[in-house]
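Structure file work.cif with mmCIF, C-alpha atoms and all ligand atoms:
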```cif
data_query
loop_
_atom_site.group_PDB
_atom_site.id
_atom_site.type_symbol
_atom_site.label_atom_id
_atom_site.label_comp_id
_atom_site.auth_asym_id
_atom_site.auth_seq_id
_atom_site.Cartn_x
_atom_site.Cartn_y
_atom_site.Cartn_z
ATOM 1 C CA MET A 1 50.022 96.874 77.200
ATOM 2 C CA PRO A 2 49.804 94.717 80.361
ATOM 3 C CA ARG A 3 50.194 96.365 83.776
ATOM 4 C CA ARG A 4 53.256 94.149 84.369
ATOM 5 C CA ILE A 5 55.087 95.726 81.410
ATOM 6 C CA LEU A 6 54.013 99.254 82.359
ATOM 7 C CA ARG A 7 55.407 98.831 85.884
ATOM 8 C CA ARG A 8 58.554 97.193 84.554
ATOM 9 C CA ILE A 9 59.231 100.208 82.313
ATOM 10 C CA VAL A 10 58.858 102.649 85.210
ATOM 11 C CA GLU A 11 60.922 100.569 87.652
ATOM 12 C CA ASP A 12 63.689 99.865 85.133
ATOM 13 C CA MET A 13 64.171 103.553 84.501
ATOM 14 C CA ARG A 14 65.498 104.023 88.041
ATOM 15 C CA ALA A 15 68.768 102.517 86.791
ATOM 16 C CA PHE A 16 69.482 105.538 84.590
ATOM 17 C CA ARG A 17 71.782 108.157 86.093
ATOM 18 C CA GLU A 18 69.389 111.038 85.416
ATOM 19 C CA PRO A 19 65.606 111.232 84.983
ATOM 20 C CA LEU A 20 64.326 110.995 81.428
ATOM 21 C CA LYS A 21 63.616 114.330 79.788
ATOM 22 C CA MET A 22 60.273 112.976 78.618
ATOM 23 C CA LEU A 23 58.184 109.861 79.206
ATOM 24 C CA GLN A 24 55.557 109.614 76.484
ATOM 25 C CA PHE A 25 52.486 107.419 76.151
ATOM 26 C CA ILE A 26 52.086 107.682 72.389
ATOM 27 C CA GLY A 27 52.439 105.598 69.240
ATOM 28 C CA TRP A 28 50.136 103.113 67.590
ATOM 29 C CA GLY A 29 46.737 102.628 69.198
ATOM 30 C CA GLU A 30 44.849 104.729 71.747
ATOM 31 C CA PRO A 31 46.644 105.003 75.122
ATOM 32 C CA ILE A 32 43.588 105.920 77.199
ATOM 33 C CA MET A 33 41.980 102.563 76.384
ATOM 34 C CA ASN A 34 44.515 101.132 78.850
ATOM 35 C CA PRO A 35 42.857 100.997 82.316
ATOM 36 C CA HIS A 36 46.265 101.206 84.049
ATOM 37 C CA LEU A 37 47.390 104.426 82.410
ATOM 38 C CA ALA A 38 46.627 106.976 85.170
ATOM 39 C CA GLU A 39 48.124 104.776 87.913
ATOM 40 C CA THR A 40 51.277 104.336 85.770
ATOM 41 C CA VAL A 41 51.671 108.105 85.437
ATOM 42 C CA THR A 42 51.245 108.431 89.211
ATOM 43 C CA TYR A 43 53.845 105.687 89.792
ATOM 44 C CA ALA A 44 56.310 107.353 87.406
ATOM 45 C CA ARG A 45 55.864 110.668 89.269
ATOM 46 C CA GLU A 46 56.326 108.970 92.654
ATOM 47 C CA LEU A 47 59.594 107.360 91.531
ATOM 48 C CA GLY A 48 60.755 110.588 89.867
ATOM 49 C CA ILE A 49 61.961 108.827 86.740
ATOM 50 C CA ALA A 50 61.015 111.572 84.250
ATOM 51 C CA ASN A 51 61.093 115.350 84.183
ATOM 52 C CA ASP A 52 57.917 115.490 82.110
ATOM 53 C CA ILE A 53 55.173 113.046 81.140
ATOM 54 C CA GLU A 54 53.114 113.334 77.988
ATOM 55 C CA LEU A 55 50.099 111.514 76.593
ATOM 56 C CA ALA A 56 48.537 111.599 73.121
ATOM 57 C CA THR A 57 44.874 110.779 72.567
ATOM 58 C CA ASN A 58 41.999 111.330 70.157
ATOM 59 C CA ALA A 59 39.851 112.327 73.205
ATOM 60 C CA ALA A 60 36.915 110.088 72.206
ATOM 61 C CA LEU A 61 37.123 108.216 75.549
ATOM 62 C CA LEU A 62 38.311 111.175 77.622
ATOM 63 C CA THR A 63 35.526 111.152 80.203
ATOM 64 C CA PRO A 64 35.391 113.820 82.943
ATOM 65 C CA GLU A 65 36.409 111.136 85.482
ATOM 66 C CA LEU A 66 39.475 110.146 83.452
ATOM 67 C CA SER A 67 40.395 113.799 82.929
ATOM 68 C CA GLU A 68 40.368 114.278 86.700
ATOM 69 C CA ARG A 69 42.486 111.160 87.292
ATOM 70 C CA LEU A 70 45.048 112.183 84.661
ATOM 71 C CA VAL A 71 45.380 115.706 86.053
ATOM 72 C CA VAL A 72 45.822 114.403 89.599
ATOM 73 C CA SER A 73 48.327 111.759 88.405
ATOM 74 C CA GLY A 74 50.874 114.445 87.491
ATOM 75 C CA LEU A 75 50.550 114.343 83.712
ATOM 76 C CA GLY A 76 52.526 117.255 82.234
ATOM 77 C CA LEU A 77 51.071 117.516 78.739
ATOM 78 C CA LEU A 78 47.958 116.144 77.066
ATOM 79 C CA ARG A 79 48.215 116.120 73.265
ATOM 80 C CA VAL A 80 44.840 115.776 71.517
ATOM 81 C CA SER A 81 44.662 114.803 67.831
ATOM 82 C CA ILE A 82 41.545 116.143 66.129
ATOM 83 C CA GLN A 83 40.523 114.038 63.108
ATOM 84 C CA GLY A 84 37.950 116.335 61.476
ATOM 85 C CA LEU A 85 35.644 119.253 62.123
ATOM 86 C CA ASP A 86 32.281 117.485 62.050
ATOM 87 C CA THR A 87 30.753 114.136 62.920
ATOM 88 C CA ALA A 88 30.771 112.903 59.297
ATOM 89 C CA SER A 89 34.546 113.480 59.083
ATOM 90 C CA TYR A 90 35.033 111.388 62.227
ATOM 91 C CA ALA A 91 32.908 108.588 60.779
ATOM 92 C CA GLU A 92 35.010 108.613 57.606
ATOM 93 C CA ALA A 93 38.475 109.012 59.183
ATOM 94 C CA CYS A 94 38.007 106.838 62.300
ATOM 95 C CA ARG A 95 35.069 104.569 61.428
ATOM 96 C CA THR A 96 33.524 105.476 64.766
ATOM 97 C CA ASP A 97 30.155 106.922 65.726
ATOM 98 C CA VAL A 98 31.514 109.498 68.181
ATOM 99 C CA THR A 99 30.104 112.970 67.539
ATOM 100 C CA PHE A 100 32.340 115.973 66.983
ATOM 101 C CA GLU A 101 30.384 117.825 69.676
ATOM 102 C CA LYS A 102 31.347 115.089 72.177
ATOM 103 C CA ILE A 103 35.043 115.451 71.284
ATOM 104 C CA VAL A 104 34.853 119.233 71.805
ATOM 105 C CA GLU A 105 33.042 118.745 75.110
ATOM 106 C CA ASN A 106 35.694 116.258 76.333
ATOM 107 C CA VAL A 107 38.474 118.689 75.412
ATOM 108 C CA ARG A 108 36.684 121.606 77.084
ATOM 109 C CA ILE A 109 36.203 119.702 80.351
ATOM 110 C CA PHE A 110 39.859 118.666 80.440
ATOM 111 C CA TYR A 111 40.886 122.293 79.793
ATOM 112 C CA GLU A 112 38.752 123.538 82.680
ATOM 113 C CA ARG A 113 40.188 120.935 85.087
ATOM 114 C CA ARG A 114 43.791 120.845 83.853
ATOM 115 C CA ARG A 115 45.548 122.779 86.691
ATOM 116 C CA ASP A 116 49.309 122.521 85.874
ATOM 117 C CA CYS A 117 48.874 120.154 82.930
ATOM 118 C CA ARG A 118 49.276 121.764 79.482
ATOM 119 C CA LEU A 119 46.745 121.003 76.758
ATOM 120 C CA TYR A 120 47.956 120.908 73.127
ATOM 121 C CA VAL A 121 45.317 120.367 70.444
ATOM 122 C CA LYS A 122 46.342 119.694 66.860
ATOM 123 C CA ILE A 123 44.791 118.853 63.529
ATOM 124 C CA MET A 124 46.358 118.042 60.178
ATOM 125 C CA ASP A 125 45.961 120.599 57.399
ATOM 126 C CA VAL A 126 44.235 118.039 55.143
ATOM 127 C CA ALA A 127 41.608 117.464 57.843
ATOM 128 C CA CYS A 128 40.747 121.188 57.839
ATOM 129 C CA GLY A 129 40.070 121.152 54.102
ATOM 130 C CA ASP A 130 40.627 124.844 53.348
ATOM 131 C CA ALA A 131 41.214 128.248 54.946
ATOM 132 C CA ASP A 132 37.646 128.308 56.290
ATOM 133 C CA GLY A 133 38.328 124.984 58.014
ATOM 134 C CA VAL A 134 41.522 126.349 59.577
ATOM 135 C CA ARG A 135 39.598 129.390 60.819
ATOM 136 C CA ARG A 136 36.860 127.180 62.264
ATOM 137 C CA PHE A 137 39.434 124.964 64.029
ATOM 138 C CA HIS A 138 40.951 128.003 65.726
ATOM 139 C CA GLU A 139 37.548 129.475 66.611
ATOM 140 C CA ILE A 140 36.589 126.244 68.372
ATOM 141 C CA PHE A 141 39.851 125.235 70.042
ATOM 142 C CA ASP A 142 41.831 128.439 70.727
ATOM 143 C CA PRO A 143 39.564 129.256 73.727
ATOM 144 C CA ILE A 144 39.822 125.720 75.198
ATOM 145 C CA ALA A 145 43.510 124.803 74.695
ATOM 146 C CA ASP A 146 46.894 126.157 75.754
ATOM 147 C CA ALA A 147 47.967 125.704 72.118
ATOM 148 C CA ALA A 148 45.836 124.859 69.071
ATOM 149 C CA VAL A 149 48.009 124.023 66.067
ATOM 150 C CA VAL A 150 47.500 123.005 62.423
ATOM 151 C CA GLU A 151 50.246 120.545 61.451
ATOM 152 C CA HIS A 152 51.272 119.513 57.953
ATOM 153 C CA TYR A 153 50.246 116.045 56.846
ATOM 154 C CA VAL A 154 53.298 113.929 55.975
ATOM 155 C CA PRO A 155 53.224 110.540 54.244
ATOM 156 C CA PHE A 156 55.949 108.349 55.758
ATOM 157 C CA PHE A 157 56.275 106.055 52.736
ATOM 158 C CA GLU A 158 56.845 107.237 49.175
ATOM 159 C CA THR A 159 54.858 104.252 47.966
ATOM 160 C CA ARG A 160 51.626 105.906 49.088
ATOM 161 C CA ASP A 161 49.738 106.878 45.943
ATOM 162 C CA HIS A 162 48.950 110.387 47.228
ATOM 163 C CA TYR A 163 52.592 111.220 47.956
ATOM 164 C CA GLU A 164 52.996 113.362 44.814
ATOM 165 C CA ARG A 165 50.121 115.601 45.882
ATOM 166 C CA ILE A 166 51.563 116.532 49.281
ATOM 167 C CA ALA A 167 53.790 119.613 49.633
ATOM 168 C CA PRO A 168 57.422 118.642 50.505
ATOM 169 C CA LEU A 169 57.314 120.017 54.051
ATOM 170 C CA THR A 170 57.955 118.434 57.429
ATOM 171 C CA ARG A 171 55.141 117.960 59.934
ATOM 172 C CA THR A 172 55.909 121.354 61.455
ATOM 173 C CA GLY A 173 55.953 123.037 58.030
ATOM 174 C CA ASP A 174 59.732 123.350 57.518
ATOM 175 C CA PRO A 175 61.224 122.562 54.066
ATOM 176 C CA GLU A 176 61.858 118.838 53.655
ATOM 177 C CA ILE A 177 65.654 118.298 53.697
ATOM 178 C CA PRO A 178 66.644 114.596 53.931
ATOM 179 C CA PHE A 179 68.431 113.414 57.080
ATOM 180 C CA ALA A 180 71.249 110.922 56.382
ATOM 181 C CA ILE A 181 71.643 110.033 60.081
ATOM 182 C CA CYS A 182 68.436 109.312 61.984
ATOM 183 C CA PRO A 183 68.692 111.087 65.366
ATOM 184 C CA PHE A 184 65.955 109.055 67.112
ATOM 185 C CA PRO A 185 68.061 106.047 68.274
ATOM 186 C CA PHE A 186 70.439 108.458 70.036
ATOM 187 C CA TYR A 187 67.801 109.654 72.499
ATOM 188 C CA THR A 188 64.719 107.444 72.240
ATOM 189 C CA LEU A 189 63.540 103.990 73.260
ATOM 190 C CA TYR A 190 60.116 102.752 72.228
ATOM 191 C CA VAL A 191 58.419 99.895 74.095
ATOM 192 C CA TRP A 192 55.830 97.867 72.193
ATOM 193 C CA PRO A 193 52.847 96.338 74.103
ATOM 194 C CA SER A 194 54.534 92.901 73.950
ATOM 195 C CA GLY A 195 57.585 94.227 75.817
ATOM 196 C CA LYS A 196 59.777 94.332 72.718
ATOM 197 C CA VAL A 197 61.933 97.466 72.650
ATOM 198 C CA GLY A 198 63.070 99.433 69.606
ATOM 199 C CA PRO A 199 64.519 102.859 68.807
ATOM 200 C CA CYS A 200 61.300 104.268 67.332
ATOM 201 C CA SER A 201 57.635 103.635 66.590
ATOM 202 C CA SER A 202 58.633 102.621 63.069
ATOM 203 C CA CYS A 203 55.832 102.531 60.501
ATOM 204 C CA SER A 204 57.441 99.531 58.844
ATOM 205 C CA GLY A 205 55.684 96.183 59.083
ATOM 206 C CA ASN A 206 59.029 94.841 60.287
ATOM 207 C CA PRO A 207 60.091 97.226 63.082
ATOM 208 C CA LEU A 208 63.603 97.362 64.481
ATOM 209 C CA VAL A 209 63.940 95.441 67.760
ATOM 210 C CA LEU A 210 66.818 96.022 70.182
ATOM 211 C CA GLY A 211 65.662 93.779 73.017
ATOM 212 C CA ASP A 212 62.785 92.392 75.057
ATOM 213 C CA LEU A 213 61.707 93.619 78.502
ATOM 214 C CA ASN A 214 60.559 90.091 79.333
ATOM 215 C CA GLU A 215 64.191 88.968 79.182
ATOM 216 C CA GLU A 216 66.392 91.982 80.006
ATOM 217 C CA THR A 217 66.222 95.398 81.624
ATOM 218 C CA LEU A 218 65.606 98.654 79.845
ATOM 219 C CA TYR A 219 69.025 99.889 80.937
ATOM 220 C CA ASN A 220 70.766 96.813 79.516
ATOM 221 C CA ILE A 221 68.952 97.285 76.203
ATOM 222 C CA TRP A 222 69.948 100.965 76.146
ATOM 223 C CA SER A 223 73.611 100.198 76.828
ATOM 224 C CA GLY A 224 73.749 96.883 74.927
ATOM 225 C CA SER A 225 75.550 95.826 71.760
ATOM 226 C CA ARG A 226 72.479 95.797 69.481
ATOM 227 C CA ARG A 227 71.837 99.470 70.090
ATOM 228 C CA ALA A 228 75.568 100.232 69.812
ATOM 229 C CA GLU A 229 75.624 98.532 66.420
ATOM 230 C CA LEU A 230 72.546 100.486 65.310
ATOM 231 C CA LEU A 231 74.177 103.795 66.307
ATOM 232 C CA HIS A 232 77.356 102.823 64.449
ATOM 233 C CA HIS A 233 75.401 102.032 61.265
ATOM 234 C CA GLN A 234 73.354 105.209 61.544
ATOM 235 C CA ILE A 235 76.571 107.198 61.339
ATOM 236 C CA SER A 236 78.544 105.036 58.887
ATOM 237 C CA ASN A 237 75.736 104.201 56.449
ATOM 238 C CA ARG A 238 72.068 104.024 57.382
ATOM 239 C CA ASN A 239 71.306 102.020 54.235
ATOM 240 C CA GLU A 240 73.013 99.011 55.815
ATOM 241 C CA ILE A 241 69.981 98.684 58.110
ATOM 242 C CA PRO A 242 67.117 97.242 56.024
ATOM 243 C CA GLU A 243 64.415 98.642 58.346
ATOM 244 C CA CYS A 244 65.908 102.148 58.105
ATOM 245 C CA ARG A 245 66.785 102.224 54.394
ATOM 246 C CA ASP A 246 63.555 103.738 53.047
ATOM 247 C CA CYS A 247 62.317 105.251 56.288
ATOM 248 C CA ARG A 248 61.244 108.875 55.960
ATOM 249 C CA ILE A 249 60.550 109.460 59.659
ATOM 250 C CA PRO A 250 63.856 111.248 60.435
ATOM 251 C CA THR A 251 63.357 113.675 57.534
ATOM 252 C CA LEU A 252 59.698 114.365 58.221
ATOM 253 C CA GLU A 253 59.615 114.282 62.034
ATOM 254 C CA SER A 254 63.015 115.545 63.227
ATOM 255 C CA ARG A 255 63.766 119.096 64.171
ATOM 256 C CA PRO A 256 66.651 120.971 62.464
ATOM 257 C CA GLN A 257 68.583 121.167 65.761
ATOM 258 C CA ASP A 258 68.681 117.339 65.900
ATOM 259 C CA ARG A 259 70.565 117.029 62.593
ATOM 260 C CA LEU A 260 73.859 115.106 63.061
ATOM 261 C CA ASP A 261 74.897 114.801 59.403
ATOM 262 C CA ALA A 262 77.567 117.549 59.481
ATOM 263 C CA ALA A 263 79.241 115.895 62.496
ATOM 264 C CA ARG A 264 79.599 112.457 60.869
ATOM 265 C CA GLU A 265 83.442 112.431 60.820
ATOM 266 C CA LYS A 266 83.650 113.472 64.478
ATOM 267 C CA LEU A 267 81.014 110.957 65.553
ATOM 268 C CA LEU A 268 82.372 107.873 63.766
ATOM 269 C CA PRO A 269 85.207 107.164 66.268
ATOM 270 C CA LEU A 270 82.809 107.794 69.176
ATOM 271 C CA PHE A 271 80.408 105.080 67.988
ATOM 272 C CA PRO A 272 82.592 102.146 66.838
ATOM 273 C CA ARG A 273 81.034 98.899 65.759
ATOM 274 C CA PRO A 274 80.810 96.686 68.897
ATOM 275 C CA PRO A 275 83.311 93.752 68.880
ATOM 276 C CA ALA A 276 80.712 90.944 68.729
ATOM 277 C CA ALA A 277 79.038 92.553 65.716
ATOM 278 C CA ALA A 278 82.390 93.349 64.033
ATOM 279 C CA HIS A 279 83.394 89.645 64.108
ATOM 280 C CA SER A 280 80.029 88.207 63.082
HETATM 281 S S1 LIG B 1 65.462 105.495 60.287
HETATM 282 FE FE1 LIG B 1 63.297 105.034 60.775
HETATM 283 S S2 LIG B 1 63.300 102.841 61.351
HETATM 284 FE FE2 LIG B 1 65.432 103.591 61.474
HETATM 285 S S3 LIG B 1 65.717 104.232 63.615
HETATM 286 FE FE3 LIG B 1 65.113 106.045 62.442
HETATM 287 S S4 LIG B 1 62.889 106.180 62.656
HETATM 288 FE FE4 LIG B 1 63.493 104.092 63.230
#
```
Can you dump the structure from the file as structure tokens?
Amino acid sequence: MPRRILRRIVEDMRAFREPLKMLQFIGWGEPIMNPHLAETVTYARELGIANDIELATNAALLTPELSERLVVSGLGLLRVSIQGLDTASYAEACRTDVTFEKIVENVRIFYERRRDCRLYVKIMDVACGDADGVRRFHEIFDPIADAAVVEHYVPFFETRDHYERIAPLTRTGDPEIPFAICPFPFYTLYVWPSGKVGPCSSCSGNPLVLGDLNEETLYNIWSGSRRAELLHHQISNRNEIPECRDCRIPTLESRPQDRLDAAREKLLPLFPRPPAAAHS
């Protein structure tokens, strides 16, 4: 993502009445490959546009120098995704020649220098292999993380051939109960590297787009008619949105407290279809 877009995001957020609850540098790709990341976190802290700032990384490029810069920048939470428990697993999962020992060393150095920043380290259950793998993960990372967690692997698309072999649980291990209304568009905006803005980091090859930061402000996209129409359709019938129809993200990623389904009748009059969309 270009520096211009990063600064635009931070500056645009001053238009919101309250600071964001969370500014996250996550999604597709590896955020710490961006050379402007630490300065963007610092800028966001200076402008006070978010209560908390979070970053997700695989830690392969988390040098001691970058760890220091991120801690000083005011980062609130570093989330590290572990891809395997030995070098061969990394070669297979990531097609990279980084050693597992290097990943552990990078995590350990960040932990020692983290000051007020929290360090969350997670691995997927399938990457542990078995109970011995889970035990080994905790032996290695419990002493060098504020939280070390084994999450459940969830396939977002039912078309994946291994879907039948995965237990029907959410990522956090709760029973999988389908969400009719996706809660994400009600509290999230996702900015793609191009400046396009959507409600989520959709896995679809054809992601939902609500606007473009190169042409309009983040606040205008948030309060605009395209998002209003999306919220209306989420409540009235999510299947009317082609990109959302088969999406399993709300069911697999949402927390039970975010479920809006039981409030559908109350919500419908609060989120009417915007006039321009109603007459199109
Ligand atoms: S249903 Fe999926 S594609 Fe639609 S807004 Fe929710 S997460 Fe995004």
Compile a residue-level contact table for chain A against ligand LIG 1 (chain B) at a cut-off of 10 Å, reporting for every qualifying residue the shortest atom pair and its distance in Å to one decimal, with only C-alpha atoms and all ligand atoms counted, rows ordered by chain and ascending number, as a tab-separated table.
```
residue	atom	partner	partner_atom	distance
A:Phe156	CA	B:LIG1	FE1	9.5
A:Phe179	CA	B:LIG1	S1	9.0
A:Ala180	CA	B:LIG1	S1	8.8
A:Ile181	CA	B:LIG1	S1	7.7
A:Cys182	CA	B:LIG1	FE3	4.7
A:Pro183	CA	B:LIG1	FE3	6.8
A:Phe184	CA	B:LIG1	FE3	5.6
A:Pro185	CA	B:LIG1	S3	5.5
A:Phe186	CA	B:LIG1	S3	9.0
A:Thr188	CA	B:LIG1	S3	9.3
A:Leu189	CA	B:LIG1	S3	9.9
A:Tyr190	CA	B:LIG1	FE4	9.7
A:Gly198	CA	B:LIG1	FE4	7.9
A:Pro199	CA	B:LIG1	S3	5.5
A:Cys200	CA	B:LIG1	FE4	4.7
A:Ser201	CA	B:LIG1	FE4	6.8
A:Ser202	CA	B:LIG1	S2	5.0
A:Cys203	CA	B:LIG1	S2	7.5
A:Ser204	CA	B:LIG1	S2	7.2
A:Asn206	CA	B:LIG1	S2	9.1
A:Pro207	CA	B:LIG1	S2	6.7
A:Leu208	CA	B:LIG1	S2	6.3
A:Val209	CA	B:LIG1	FE4	9.8
A:Leu230	CA	B:LIG1	S3	8.0
A:Leu231	CA	B:LIG1	S3	8.9
A:Gln234	CA	B:LIG1	S3	8.0
A:Arg238	CA	B:LIG1	S1	7.4
A:Asn239	CA	B:LIG1	S1	9.1
A:Ile241	CA	B:LIG1	FE2	7.5
A:Pro242	CA	B:LIG1	FE2	8.5
A:Glu243	CA	B:LIG1	S2	5.3
A:Cys244	CA	B:LIG1	FE2	3.7
A:Arg245	CA	B:LIG1	S1	6.9
A:Asp246	CA	B:LIG1	S1	7.7
A:Cys247	CA	B:LIG1	FE1	4.6
A:Arg248	CA	B:LIG1	FE1	6.5
A:Ile249	CA	B:LIG1	S4	5.0
A:Pro250	CA	B:LIG1	S4	5.6
A:Thr251	CA	B:LIG1	S1	8.9
A:Leu252	CA	B:LIG1	S4	9.8
A:Glu253	CA	B:LIG1	S4	8.8
A:Ser254	CA	B:LIG1	S4	9.4
```
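Computed from the coordinates, the CA of Arg79 in chain A to CA of Tyr120 in chain A distance equals 4.8 Å.
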| request: Any chance you could resolve the PyMOL selection byres (((chain A and resi 136-144) around 9) and not hetatm) against this file and give the residues as number ranges by chain? | output: A: 85, 104, 107-112, 119, 121, 123, 128, 131-135, 145-150
Expand the PyMOL selection byres (((chain A and resi 56-73) around 8) and not hetatm) into the explicit residue set it covers here, and present it as a PDB file with C-alpha atoms, in the frame of the given file.
```
ATOM      1  CA  PHE A  25      52.486 107.419  76.151  1.00  0.00           C
ATOM      2  CA  ILE A  26      52.086 107.682  72.389  1.00  0.00           C
ATOM      3  CA  GLU A  30      44.849 104.729  71.747  1.00  0.00           C
ATOM      4  CA  PRO A  31      46.644 105.003  75.122  1.00  0.00           C
ATOM      5  CA  ILE A  32      43.588 105.920  77.199  1.00  0.00           C
ATOM      6  CA  MET A  33      41.980 102.563  76.384  1.00  0.00           C
ATOM      7  CA  ALA A  38      46.627 106.976  85.170  1.00  0.00           C
ATOM      8  CA  GLU A  39      48.124 104.776  87.913  1.00  0.00           C
ATOM      9  CA  VAL A  41      51.671 108.105  85.437  1.00  0.00           C
ATOM     10  CA  THR A  42      51.245 108.431  89.211  1.00  0.00           C
ATOM     11  CA  ARG A  45      55.864 110.668  89.269  1.00  0.00           C
ATOM     12  CA  GLU A  54      53.114 113.334  77.988  1.00  0.00           C
ATOM     13  CA  LEU A  55      50.099 111.514  76.593  1.00  0.00           C
ATOM     14  CA  GLY A  74      50.874 114.445  87.491  1.00  0.00           C
ATOM     15  CA  LEU A  75      50.550 114.343  83.712  1.00  0.00           C
ATOM     16  CA  LEU A  78      47.958 116.144  77.066  1.00  0.00           C
ATOM     17  CA  ARG A  79      48.215 116.120  73.265  1.00  0.00           C
ATOM     18  CA  VAL A  80      44.840 115.776  71.517  1.00  0.00           C
ATOM     19  CA  SER A  81      44.662 114.803  67.831  1.00  0.00           C
ATOM     20  CA  ILE A  82      41.545 116.143  66.129  1.00  0.00           C
ATOM     21  CA  GLN A  83      40.523 114.038  63.108  1.00  0.00           C
ATOM     22  CA  VAL A  98      31.514 109.498  68.181  1.00  0.00           C
ATOM     23  CA  LYS A 102      31.347 115.089  72.177  1.00  0.00           C
ATOM     24  CA  ILE A 103      35.043 115.451  71.284  1.00  0.00           C
ATOM     25  CA  ASN A 106      35.694 116.258  76.333  1.00  0.00           C
ATOM     26  CA  VAL A 107      38.474 118.689  75.412  1.00  0.00           C
ATOM     27  CA  ILE A 109      36.203 119.702  80.351  1.00  0.00           C
ATOM     28  CA  PHE A 110      39.859 118.666  80.440  1.00  0.00           C
ATOM     29  CA  ARG A 113      40.188 120.935  85.087  1.00  0.00           C
ATOM     30  CA  ARG A 114      43.791 120.845  83.853  1.00  0.00           C
ATOM     31  CA  ARG A 115      45.548 122.779  86.691  1.00  0.00           C
ATOM     32  CA  ASP A 116      49.309 122.521  85.874  1.00  0.00           C
ATOM     33  CA  CYS A 117      48.874 120.154  82.930  1.00  0.00           C
TER      34      CYS A 117
END
```
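One distance worth recording is that between CA of Lys122 in chain A and CA of His36 in chain A, which is 25.2 Å.
The neighbours of Glu101 in chain A here are the residues that come within 8 Å of it, using all atoms listed in the file and leaving out any residue fewer than 4 positions away in the same chain; they are A:Asp86, A:Thr87, A:Glu105.
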How about saving the chosen residues, C-alpha atoms kept, as a compact mmCIF listing (two decimals), in the frame of the given file?
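This went into result_31.txt:
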```txt
# COMPACT_ATOMS: atom_id res chain seq x y z
CA ASP A 86 32.28 117.48 62.05
CA THR A 87 30.75 114.14 62.92
CA GLU A 105 33.04 118.74 75.11
```
| query | Nearest to Arg259 in chain A: which of A:Pro178, A:Pro155, A:Gly84, A:Pro275 is it, counting all atoms listed in the file? | reply |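 Residue with the minimum atom-to-atom distance to Arg259 in chain A: A:Pro178.
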With 5 Å added on each side, what axis-aligned box encloses every listed atom of range 74-87 of chain A? Give the centre and edge lengths in Å to one decimal, as AutoDock Vina command-line options.
```
--center_x 41.6 --center_y 116.6 --center_z 74.5 --size_x 31.8 --size_y 15.2 --size_z 36.0
```
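Among A:Asp12, A:Pro272, A:Leu23, A:Lys196, the residue with the shortest atom-to-atom distance to Ala228 in chain A, counting all atoms listed in the file, is A:Pro272.
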| task | Check what the PyMOL selection byres (((chain A and resi 268) around 10) and not hetatm) selects in the file above and give those residues as a VMD selection string. | result | chain A and resid 231 to 236 263 to 267 269 to 273
| request: Write out as an MDAnalysis selection string each polymer residue whose atoms come within 12 Å of Pro2 in chain A, counting all atoms listed in the file; drop sequence neighbours fewer than 3 positions from it. | output: chainID A and resid 5:9 31 33:37 40 191:195 214
| task | Would you please work out which residue, of A:Gln257, A:Thr99, A:Ser223, A:Ser89, is nearest to Leu210 in chain A when using all atoms listed in the file? | result | A:Ser223
| task | For CA of Thr217 in chain A and CA of Asn51 in chain A, determine how far apart the two atoms are, in Å to one decimal place. | result | 20.8 Å
